[in-house]
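Have a look at run.cif; it's mmCIF, C-alpha atoms and all ligand atoms:
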```cif
data_data
loop_
_atom_site.label_atom_id
_atom_site.label_comp_id
_atom_site.auth_asym_id
_atom_site.auth_seq_id
_atom_site.Cartn_x
_atom_site.Cartn_y
_atom_site.Cartn_z
CA ALA I 1 254.06 1.93 160.19
CA GLU I 2 254.44 2.74 156.55
CA GLY I 3 253.31 -0.45 154.92
CA LEU I 4 250.35 -0.93 157.27
CA PRO I 5 246.95 -0.70 155.63
CA LYS I 6 244.96 2.28 156.86
CA PRO I 7 241.68 1.34 158.55
CA THR I 8 239.05 2.13 155.99
CA LYS I 9 235.88 3.82 157.08
CA SER I 10 232.62 2.85 155.47
CA PHE I 11 230.59 5.49 153.64
CA SER I 12 228.05 5.70 156.46
CA GLU I 13 230.79 6.11 159.10
CA LYS I 14 232.53 8.83 157.13
CA TYR I 15 229.41 10.86 156.48
CA SER I 16 227.54 9.94 159.66
CA ALA I 17 226.87 13.55 160.78
CA LEU I 18 225.76 14.52 157.30
CA ILE I 19 223.41 11.55 157.08
CA THR I 20 221.92 12.36 160.51
CA GLY I 21 221.38 15.94 159.31
CA GLY I 22 219.63 14.53 156.26
CA PHE I 23 217.30 12.53 158.52
CA PHE I 24 216.37 15.66 160.47
CA PHE I 25 215.77 17.61 157.28
CA LEU I 26 213.55 14.88 155.84
CA TRP I 27 211.64 14.51 159.10
CA TYR I 28 210.88 18.26 159.24
CA PHE I 29 210.06 18.46 155.55
CA LEU I 30 207.61 15.54 155.64
CA ASN I 31 206.07 16.87 158.84
CA VAL I 32 205.46 20.36 157.46
CA ILE I 33 203.76 18.93 154.35
CA PHE I 34 201.74 16.52 156.52
CA ASN I 35 200.50 19.35 158.73
CA ILE I 36 199.47 21.47 155.75
CA ILE I 37 197.57 18.76 153.87
CA ASN I 38 196.04 17.53 157.12
CA LYS I 39 194.60 20.94 158.03
CA LYS I 40 193.35 21.45 154.47
CA VAL I 41 191.43 18.18 154.82
CA TYR I 42 189.95 19.25 158.19
CA ASN I 43 188.80 22.53 156.64
CA TYR I 44 186.35 20.60 154.45
CA PHE I 45 186.06 17.27 156.29
CA PRO I 46 186.09 17.82 160.08
CA TYR I 47 186.23 14.18 161.22
CA PRO I 48 189.50 13.68 163.15
CA PHE I 49 188.78 10.17 164.46
CA PHE I 50 188.19 8.92 160.93
CA VAL I 51 191.11 10.84 159.40
CA SER I 52 193.46 9.53 162.13
CA LEU I 53 192.33 6.04 161.21
CA VAL I 54 193.05 6.71 157.53
CA HIS I 55 196.57 7.97 158.41
CA LEU I 56 197.29 4.64 160.09
CA LEU I 57 195.54 2.60 157.41
CA VAL I 58 197.61 4.09 154.57
CA GLY I 59 200.75 3.59 156.69
CA VAL I 60 199.94 -0.05 157.36
CA ALA I 61 199.17 -0.69 153.67
CA TYR I 62 202.55 0.86 152.81
CA CYS I 63 204.30 -1.36 155.40
CA LEU I 64 202.63 -4.48 154.02
CA VAL I 65 203.83 -3.61 150.50
CA CYS I 66 207.35 -2.95 151.82
CA TRP I 67 207.41 -6.27 153.64
CA ALA I 68 206.04 -8.08 150.59
CA ILE I 69 208.99 -6.88 148.49
CA GLY I 70 211.43 -7.41 151.36
CA LEU I 71 212.37 -3.75 151.89
CA PRO I 72 212.81 -4.07 154.79
CA LYS I 73 212.55 -7.75 155.53
CA ARG I 74 209.78 -8.37 158.05
CA ALA I 75 211.20 -9.05 161.51
CA PRO I 76 209.56 -12.03 163.19
CA ILE I 77 207.18 -11.24 166.03
CA ASN I 78 206.11 -13.36 169.00
CA LYS I 79 203.74 -13.05 171.93
CA ASP I 80 206.34 -11.50 174.26
CA LEU I 81 207.32 -8.83 171.75
CA LEU I 82 203.68 -8.12 171.05
CA LEU I 83 203.03 -7.67 174.77
CA LEU I 84 205.91 -5.20 174.99
CA LEU I 85 204.80 -3.17 171.98
CA THR I 86 201.08 -3.04 172.80
CA PRO I 87 201.26 -0.32 175.51
CA VAL I 88 203.47 1.79 173.21
CA ALA I 89 200.94 1.38 170.41
CA LEU I 90 197.99 2.24 172.70
CA CYS I 91 199.67 5.49 173.74
CA HIS I 92 200.64 6.18 170.13
CA ALA I 93 197.02 5.73 169.05
CA LEU I 94 195.59 7.92 171.83
CA GLY I 95 198.18 10.68 171.32
CA HIS I 96 197.64 10.58 167.59
CA VAL I 97 193.84 10.82 167.73
CA MET I 98 193.95 13.55 170.38
CA SER I 99 196.49 15.62 168.36
CA ASN I 100 194.14 15.35 165.42
CA VAL I 101 191.06 16.34 167.41
CA SER I 102 193.05 19.45 168.30
CA PHE I 103 194.26 20.07 164.71
CA ALA I 104 190.64 19.93 163.54
CA ALA I 105 189.45 22.29 166.30
CA VAL I 106 192.03 25.10 166.36
CA ALA I 107 194.85 26.63 164.27
CA VAL I 108 197.73 24.21 163.57
CA SER I 109 200.14 26.72 165.11
CA PHE I 110 198.20 26.67 168.38
CA THR I 111 198.15 22.85 168.65
CA HIS I 112 201.92 22.79 168.13
CA THR I 113 202.44 25.53 170.70
CA ILE I 114 200.66 23.37 173.29
CA LYS I 115 202.56 20.33 172.08
CA ALA I 116 205.79 22.24 172.75
CA LEU I 117 205.00 21.52 176.42
CA GLU I 118 205.86 17.84 175.88
CA PRO I 119 209.31 18.10 177.61
CA PHE I 120 207.53 19.54 180.66
CA PHE I 121 205.24 16.51 180.78
CA ASN I 122 208.27 14.24 180.34
CA ALA I 123 210.00 15.87 183.29
CA ALA I 124 206.87 15.58 185.42
CA ALA I 125 206.49 11.89 184.56
CA SER I 126 210.15 11.28 185.26
CA GLN I 127 209.77 12.70 188.77
CA PHE I 128 206.26 11.65 189.74
CA VAL I 129 205.80 8.39 187.81
CA LEU I 130 209.31 6.99 187.58
CA GLY I 131 210.50 8.54 190.87
CA HIS I 132 213.66 10.14 189.41
CA GLN I 133 214.74 13.27 191.25
CA ILE I 134 214.55 16.29 188.92
CA PRO I 135 216.83 19.13 190.12
CA LEU I 136 215.17 22.42 191.00
CA SER I 137 217.17 24.26 188.30
CA LEU I 138 215.56 22.04 185.70
CA TRP I 139 212.07 22.67 187.03
CA LEU I 140 212.74 26.42 187.10
CA SER I 141 213.93 26.37 183.51
CA LEU I 142 210.52 25.04 182.53
CA ALA I 143 208.75 28.07 184.02
CA PRO I 144 209.13 30.18 180.83
CA VAL I 145 207.68 27.31 178.81
CA VAL I 146 204.55 27.18 180.93
CA ILE I 147 204.27 30.98 181.09
CA GLY I 148 204.80 31.29 177.32
CA VAL I 149 202.19 28.69 176.44
CA SER I 150 199.72 30.29 178.88
CA MET I 151 200.32 33.74 177.36
CA ALA I 152 199.90 32.33 173.85
CA SER I 153 196.70 30.48 174.79
CA LEU I 154 195.02 33.45 176.48
CA THR I 155 194.98 35.53 173.32
CA GLU I 156 194.90 32.77 170.69
CA LEU I 157 192.25 33.80 168.20
CA SER I 158 191.24 30.23 167.35
CA PHE I 159 191.15 29.14 171.03
CA ASN I 160 188.55 26.63 172.17
CA TRP I 161 188.65 24.10 175.00
CA THR I 162 188.35 21.04 172.74
CA GLY I 163 191.52 22.04 170.90
CA PHE I 164 193.37 22.89 174.12
CA VAL I 165 192.38 19.86 176.21
CA SER I 166 192.90 17.31 173.42
CA ALA I 167 196.42 18.63 172.71
CA MET I 168 197.16 18.38 176.46
CA ILE I 169 195.90 14.77 176.51
CA SER I 170 198.14 14.02 173.54
CA ASN I 171 201.11 15.36 175.56
CA ILE I 172 200.27 12.93 178.36
CA ALA I 173 199.80 10.03 175.93
CA PHE I 174 203.09 10.70 174.12
CA THR I 175 204.93 10.98 177.44
CA TYR I 176 203.66 7.52 178.40
CA ARG I 177 204.58 6.34 174.91
CA SER I 178 208.20 7.28 175.56
CA ILE I 179 208.16 5.62 179.00
CA TYR I 180 206.84 2.36 177.51
CA SER I 181 209.19 2.61 174.51
CA LYS I 182 212.15 2.57 176.87
CA LYS I 183 210.80 -0.62 178.45
CA ALA I 184 210.19 -2.10 175.02
CA MET I 185 213.78 -1.77 173.78
CA THR I 186 214.27 -4.79 171.55
CA ASP I 187 216.79 -5.92 168.98
CA MET I 188 214.27 -5.21 166.24
CA ASP I 189 215.15 -2.33 163.89
CA SER I 190 213.17 0.88 164.21
CA THR I 191 211.37 0.56 160.86
CA ASN I 192 209.95 -2.85 161.81
CA VAL I 193 209.05 -1.67 165.31
CA TYR I 194 207.15 1.29 163.88
CA ALA I 195 205.34 -0.97 161.39
CA TYR I 196 204.08 -3.26 164.18
CA ILE I 197 203.10 -0.27 166.33
CA SER I 198 201.10 1.14 163.40
CA ILE I 199 199.23 -2.14 162.93
CA ILE I 200 198.23 -2.36 166.61
CA ALA I 201 197.33 1.35 166.73
CA LEU I 202 195.17 0.95 163.61
CA LEU I 203 193.15 -1.85 165.23
CA VAL I 204 192.71 0.24 168.37
CA CYS I 205 191.46 3.27 166.43
CA ILE I 206 188.70 1.47 164.52
CA PRO I 207 186.04 1.18 167.29
CA PRO I 208 186.09 4.85 168.45
CA ALA I 209 186.01 6.12 164.84
CA VAL I 210 183.02 3.89 164.01
CA ILE I 211 181.14 4.70 167.22
CA ILE I 212 181.85 8.44 167.44
CA GLU I 213 181.83 9.50 163.79
CA GLY I 214 180.35 6.54 161.89
CA PRO I 215 176.69 7.66 161.94
CA LYS I 216 177.45 11.28 160.95
CA LEU I 217 179.82 10.16 158.21
CA MET I 218 177.19 7.91 156.69
CA GLN I 219 174.42 10.51 156.95
CA HIS I 220 176.25 13.41 155.35
CA GLY I 221 180.01 13.53 156.21
CA PHE I 222 181.30 11.73 153.11
CA ALA I 223 178.66 13.27 150.85
CA ASP I 224 179.48 16.83 152.03
CA ALA I 225 183.21 16.35 151.44
CA ILE I 226 182.65 14.91 147.95
CA ALA I 227 180.24 17.72 147.09
CA LYS I 228 182.86 20.28 148.16
CA VAL I 229 186.01 18.94 146.48
CA GLY I 230 185.00 15.96 144.32
CA LEU I 231 185.61 12.26 144.95
CA GLN I 232 189.00 12.16 143.26
CA LYS I 233 190.54 14.98 145.29
CA PHE I 234 188.98 13.66 148.49
CA ILE I 235 190.56 10.24 148.01
CA SER I 236 193.91 11.58 146.85
CA ASP I 237 194.09 14.01 149.83
CA LEU I 238 193.39 11.15 152.24
CA PHE I 239 195.99 8.97 150.56
CA TRP I 240 198.73 11.62 150.59
CA VAL I 241 198.04 12.80 154.12
CA GLY I 242 198.37 9.17 155.24
CA MET I 243 201.62 8.66 153.33
CA PHE I 244 203.20 11.81 154.73
CA TYR I 245 202.01 10.90 158.22
CA HIS I 246 203.57 7.46 158.03
CA LEU I 247 206.81 8.59 156.42
CA TYR I 248 207.49 11.45 158.84
CA ASN I 249 206.90 9.16 161.80
CA GLN I 250 209.06 6.43 160.32
CA ILE I 251 211.89 8.90 159.69
CA ALA I 252 211.43 10.33 163.21
CA THR I 253 211.80 6.80 164.62
CA ASN I 254 214.85 6.14 162.43
CA THR I 255 216.35 9.44 163.61
CA LEU I 256 215.88 8.40 167.25
CA GLU I 257 217.97 5.33 166.47
CA ARG I 258 220.84 7.63 165.42
CA VAL I 259 220.82 10.27 168.17
CA ALA I 260 220.37 10.55 171.95
CA PRO I 261 216.77 10.87 173.20
CA LEU I 262 217.46 14.43 174.37
CA THR I 263 218.73 15.50 170.96
CA HIS I 264 215.64 13.93 169.47
CA ALA I 265 213.34 15.77 171.90
CA VAL I 266 215.03 19.10 171.11
CA GLY I 267 214.78 18.28 167.42
CA ASN I 268 211.06 17.66 167.88
CA VAL I 269 210.56 21.12 169.42
CA LEU I 270 212.55 22.73 166.61
CA LYS I 271 210.29 20.87 164.18
CA ARG I 272 207.32 22.63 165.78
CA VAL I 273 208.98 26.01 165.16
CA PHE I 274 209.06 25.22 161.45
CA VAL I 275 205.50 23.92 161.40
CA ILE I 276 204.20 26.94 163.32
CA GLY I 277 205.96 29.30 160.89
CA PHE I 278 204.89 27.53 157.71
CA SER I 279 201.31 26.99 158.83
CA ILE I 280 200.87 30.67 159.70
CA VAL I 281 202.17 31.64 156.26
CA VAL I 282 200.22 29.01 154.29
CA PHE I 283 196.89 29.48 156.06
CA GLY I 284 197.33 33.23 156.54
CA ASN I 285 196.37 32.86 160.20
CA LYS I 286 196.30 36.03 162.21
CA ILE I 287 198.10 35.75 165.51
CA SER I 288 197.95 38.39 168.21
CA THR I 289 201.20 40.02 169.38
CA GLN I 290 200.83 38.39 172.81
CA THR I 291 200.40 34.95 171.23
CA GLY I 292 203.49 35.52 169.09
CA ILE I 293 205.57 36.62 172.08
CA GLY I 294 204.19 33.78 174.25
CA THR I 295 205.08 31.18 171.60
CA ALA I 296 208.60 32.60 171.26
CA ILE I 297 209.11 32.58 175.07
CA ALA I 298 207.87 28.99 175.28
CA ILE I 299 210.21 27.82 172.56
CA ALA I 300 213.21 29.68 173.99
CA GLY I 301 212.30 28.09 177.35
CA VAL I 302 212.40 24.61 175.84
CA ALA I 303 215.83 25.36 174.37
CA MET I 304 217.08 26.52 177.79
CA TYR I 305 215.62 23.47 179.51
CA SER I 306 217.33 21.19 176.99
CA LEU I 307 220.71 22.87 177.52
CA ILE I 308 220.44 22.55 181.30
CA LYS I 309 219.33 18.94 181.00
CA ALA I 310 222.16 18.11 178.61
CA ASN I 311 224.59 19.66 181.10
CA ILE I 312 223.21 17.64 184.01
CA GLU I 313 223.43 14.44 181.99
CA GLU I 314 227.01 15.21 180.96
CA GLN I 315 227.97 15.73 184.62
CA LYS I 316 226.28 12.46 185.58
CA ARG I 317 228.16 10.67 182.82
CA LYS I 318 231.49 12.15 183.95
CA ALA I 319 230.79 11.21 187.58
CA ALA I 320 229.92 7.67 186.55
CA SER I 321 233.06 7.23 184.45
CA ALA I 322 235.23 8.75 187.22
CA ALA I 323 233.69 6.29 189.71
CA ALA I 324 234.34 3.43 187.29
CA THR I 325 238.01 4.44 186.89
CA ALA I 326 238.47 4.76 190.66
CA ALA I 327 236.99 1.31 191.30
C1 LIG D 401 199.82 13.03 165.00
O1 LIG D 401 199.03 13.09 164.09
O2 LIG D 401 200.09 12.01 165.66
C2 LIG D 401 200.47 14.28 165.35
O3 LIG D 401 200.84 14.92 164.19
C3 LIG D 401 201.62 14.03 166.23
O4 LIG D 401 202.34 15.13 166.25
P1 LIG D 401 203.85 15.09 166.54
O5 LIG D 401 204.43 13.90 165.85
O6 LIG D 401 204.29 16.38 165.96
O7 LIG D 401 203.97 15.02 168.04
#
```

Could I get this file's structure written as structure tokens?
Amino acid sequence: AEGLPKPTKSFSEKYSALITGGFFFLWYFLNVIFNIINKKVYNYFPYPFFVSLVHLLVGVAYCLVCWAIGLPKRAPINKDLLLLLTPVALCHALGHVMSNVSFAAVAVSFTHTIKALEPFFNAAASQFVLGHQIPLSLWLSLAPVVIGVSMASLTELSFNWTGFVSAMISNIAFTYRSIYSKKAMTDMDSTNVYAYISIIALLVCIPPAVIIEGPKLMQHGFADAIAKVGLQKFISDLFWVGMFYHLYNQIATNTLERVAPLTHAVGNVLKRVFVIGFSIVVFGNKISTQTGIGTAIAIAGVAMYSLIKANIEEQKRKAASAAATAA
């Protein structure tokens, strides 16, 4: 075999794991910065419907510039594709606005603690909406998650019902987003898919922002913010928060293209650990001991749930391949 040319691996094949790690790092990094700037904006400009709209608007403007220079090239869209992406975008918009209502109402760490329940909502939807049988062991492994979040909520110093309920609604919306995303699997690359989803979500978010916050913004909302921080800082904060929002979501979507959905879901919970930690440090939030312990139990519970789920999926895969070999 001496003279045979060795199969050459491309750079991306050779360093695939390293590149995937880089995606995770970038996703977390952008998300932590997004969460910090976002909360700083809410501290002087408490208008989450409008700010959510700005996040999407900056993202869409960025996508249009990228398409204009061909990086990436715009994928063609047609009515069928649009019909597939619309439910995903509707859930994306609702989950996004509701997360932001919660961010504006309570401590960032608390919103993310509630959002750590997302795998629980996914499991519930899988069983009760899609009719998949979830084994009892998997349900039991979610008990610490629910207990931990409840413990954390009971003594959360920034607790209020608006913050709690809106974060719960965002969990439901994002669970439906993942159900519809699976149905909307297309050949389009993830960056283009996310660009189209952002455009539809932007259009959806305009009416509620105008109706719910428009009058207050015109009366004093904008004027108050400008009086507090100045026009230049106000505009630059809104621009940067929108850029970080778009980029972290785009990288999250690109990461999903590289790893299994379960790995991505676990990665998303780990992301919340970082955000919770950094936000507590940056904002100097006080958290009670019970809230700290509850948050830790919830996150350990999610890790346990993910391990059990990965195990079950591995067994299913083995059984399927054994059945295929036998046939
Ligand atoms: C949003 O603004 O949509 C929220 O930040 C979503 O949070 P997540 O991406 O961490 O679920």

Specify the axis-aligned box that encloses all atoms of stretch 128-136 of chain I listed in the file after padding of 5 Å on each side, stating its centre and edge lengths in Å to one decimal as AutoDock Vina command-line options.
```
--center_x 211.3 --center_y 14.7 --center_z 189.4 --size_x 21.0 --size_y 25.4 --size_z 13.7
```

Q: Give as a PyMOL selection string the residues surrounding ligand LIG 401 (chain D) up to a distance of 7 Å, considering only C-alpha atoms and all ligand atoms.
A: chain I and resi 52+95-97+99-100+115+245+249+272

C-alpha atoms of the current selection, written as an mmCIF file, in the frame of the given file:
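Produced file part-v5.cif, reproduced below:
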```
data_model
loop_
_atom_site.group_PDB
_atom_site.id
_atom_site.type_symbol
_atom_site.label_atom_id
_atom_site.label_comp_id
_atom_site.auth_asym_id
_atom_site.auth_seq_id
_atom_site.Cartn_x
_atom_site.Cartn_y
_atom_site.Cartn_z
ATOM 1 C CA SER I 52 193.460 9.530 162.130
ATOM 2 C CA GLY I 95 198.180 10.680 171.320
ATOM 3 C CA HIS I 96 197.640 10.580 167.590
ATOM 4 C CA VAL I 97 193.840 10.820 167.730
ATOM 5 C CA SER I 99 196.490 15.620 168.360
ATOM 6 C CA ASN I 100 194.140 15.350 165.420
ATOM 7 C CA LYS I 115 202.560 20.330 172.080
ATOM 8 C CA TYR I 245 202.010 10.900 158.220
ATOM 9 C CA ASN I 249 206.900 9.160 161.800
ATOM 10 C CA ARG I 272 207.320 22.630 165.780
#
```

Q. What lies within 12 Å of I:Phe234 using all atoms listed in the file, ignoring chain neighbours under 6 positions off, as a list in words?
A.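 Skipping anything fewer than 6 positions along the chain leaves Ile37, Asn38, Lys40, Val41, Tyr42, Tyr44, Phe45, Val51, Gly221, Phe222, Ala223, Asp224, Ala225, Ile226, Ala227, Lys228, Trp240 and Val241 of chain I.
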
Q. Of the candidates I:Leu82, I:Ser109, I:Ser190, I:Ser198, which one gets nearest to I:Ser158 if we count only C-alpha atoms?
A. I:Ser109

Q. Which one is closest to I:Ala260: I:Leu71, I:Ala310, I:Leu90, I:Met98? Count all atoms listed in the file.
A.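 Using all atoms listed in the file, I:Ala260 sits closest to I:Ala310.
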
**Q.** Selected residue of minimal separation from I:Lys286 among I:Gly163, I:Cys205, I:Glu313, I:Val108, counting all atoms listed in the file
**A.**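 Of I:Gly163, I:Cys205, I:Glu313, I:Val108, the one nearest I:Lys286 is I:Val108, counting all atoms listed in the file.
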
Which stretch 138-161 of chain I residues have any atom within 7 Å of an atom of stretch 304-307 of chain I, and for each, what is the nearest pair of atoms with distance in Å to one decimal, counting all atoms listed in the file, rows sorted by chain and number, as CSV?
```
residue,atom,partner,partner_atom,distance
I:Leu138,CA,I:Tyr305,CA,6.4
I:Ser141,CA,I:Tyr305,CA,5.2
I:Leu142,CA,I:Tyr305,CA,6.1
```

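Between atom CA of I:Ala324 and atom CA of I:Leu256 lies a distance of 27.7 Å.
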
Q.
I'd like the contact shell of I:Ala296 - 10 Å cut-off, only C-alpha atoms, skipping same-chain residues fewer than 2 positions apart - returned as a PyMOL selection string.
A. chain I and resi 113+144-145+148-149+152+273+290-294+298-302

(Q) Calculated over only C-alpha atoms, which of the candidates I:Phe164, I:Phe159, I:Phe121, I:Trp27 has the smallest distance to I:Gln250? (A)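 Closest candidate: I:Trp27.
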
Q | Contacts of I:Leu270 within 10 Å, only C-alpha atoms, excl. fewer than 6 positions in-chain, as a list in words | A | Tyr28, Ala116, His264, Ile276, Ile299, Val302 and Ala303 of chain I

Q.
Residues within 8 Å of I:Cys91, please, as a list in words. Count only C-alpha atoms; anything in the same chain fewer than 2 positions from it doesn't count.
A.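 Listed by chain and then number, they are Pro87, Val88, Ala89, Ala93, Leu94, Gly95, Ala173, Phe174, Tyr176 and Arg177 of chain I.
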
Hey, could you make a per-residue contact list for stretch 230-299 of chain I against stretch 14-23 of chain I with 7 Å as the cut-off, showing the nearest pair of atoms and its distance in Å to one decimal, counting all atoms listed in the file, sorted by chain and number, as JSON lines?
```
{"residue": "I:Ile251", "atom": "CA", "partner": "I:Phe23", "partner_atom": "CA", "distance": 6.6}
{"residue": "I:Thr255", "atom": "CA", "partner": "I:Phe23", "partner_atom": "CA", "distance": 6.0}
{"residue": "I:Arg258", "atom": "CA", "partner": "I:Thr20", "partner_atom": "CA", "distance": 6.9}
```

Next, dump the selected residues to file, keeping only C-alpha atoms, as a compact mmCIF listing (two decimals), in the coordinates of the input.
```txt
# COMPACT_ATOMS: atom_id res chain seq x y z
CA ILE I 251 211.89 8.90 159.69
CA THR I 255 216.35 9.44 163.61
CA ARG I 258 220.84 7.63 165.42
```

(Q) From the options I:Leu56, I:Ala326, I:Ile77, I:Ile172, which residue's atoms come nearest to I:Ala124, counting only C-alpha atoms? (A)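 Closest to I:Ala124 of all the choices is I:Ile172.
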
Q.
Excluding I:Tyr248 and its own-chain neighbours fewer than 3 positions away, which residues fall within 12 Å of it when counting only C-alpha atoms? Please give them as a PyMOL selection string.
A. chain I and resi 23-35+55+59+191+194+241-245+251-255+268+271

Q.
Using all atoms listed in the file for the distances, tell me which of I:Phe283, I:Phe274, I:Tyr47, I:Ser12 is nearest to I:Met218.
A.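 Nearest candidate to I:Met218 out of I:Phe283, I:Phe274, I:Tyr47, I:Ser12: I:Tyr47.
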
Q: Work out how far atom CA of I:Ile308 is from atom CA of I:Val269, in Å to one decimal.
A: 15.5 Å

Q: Mind giving me the straight-line distance from atom CA of I:Val275 to atom CA of I:Ile36 in Å, one decimal?
A: 8.6 Å
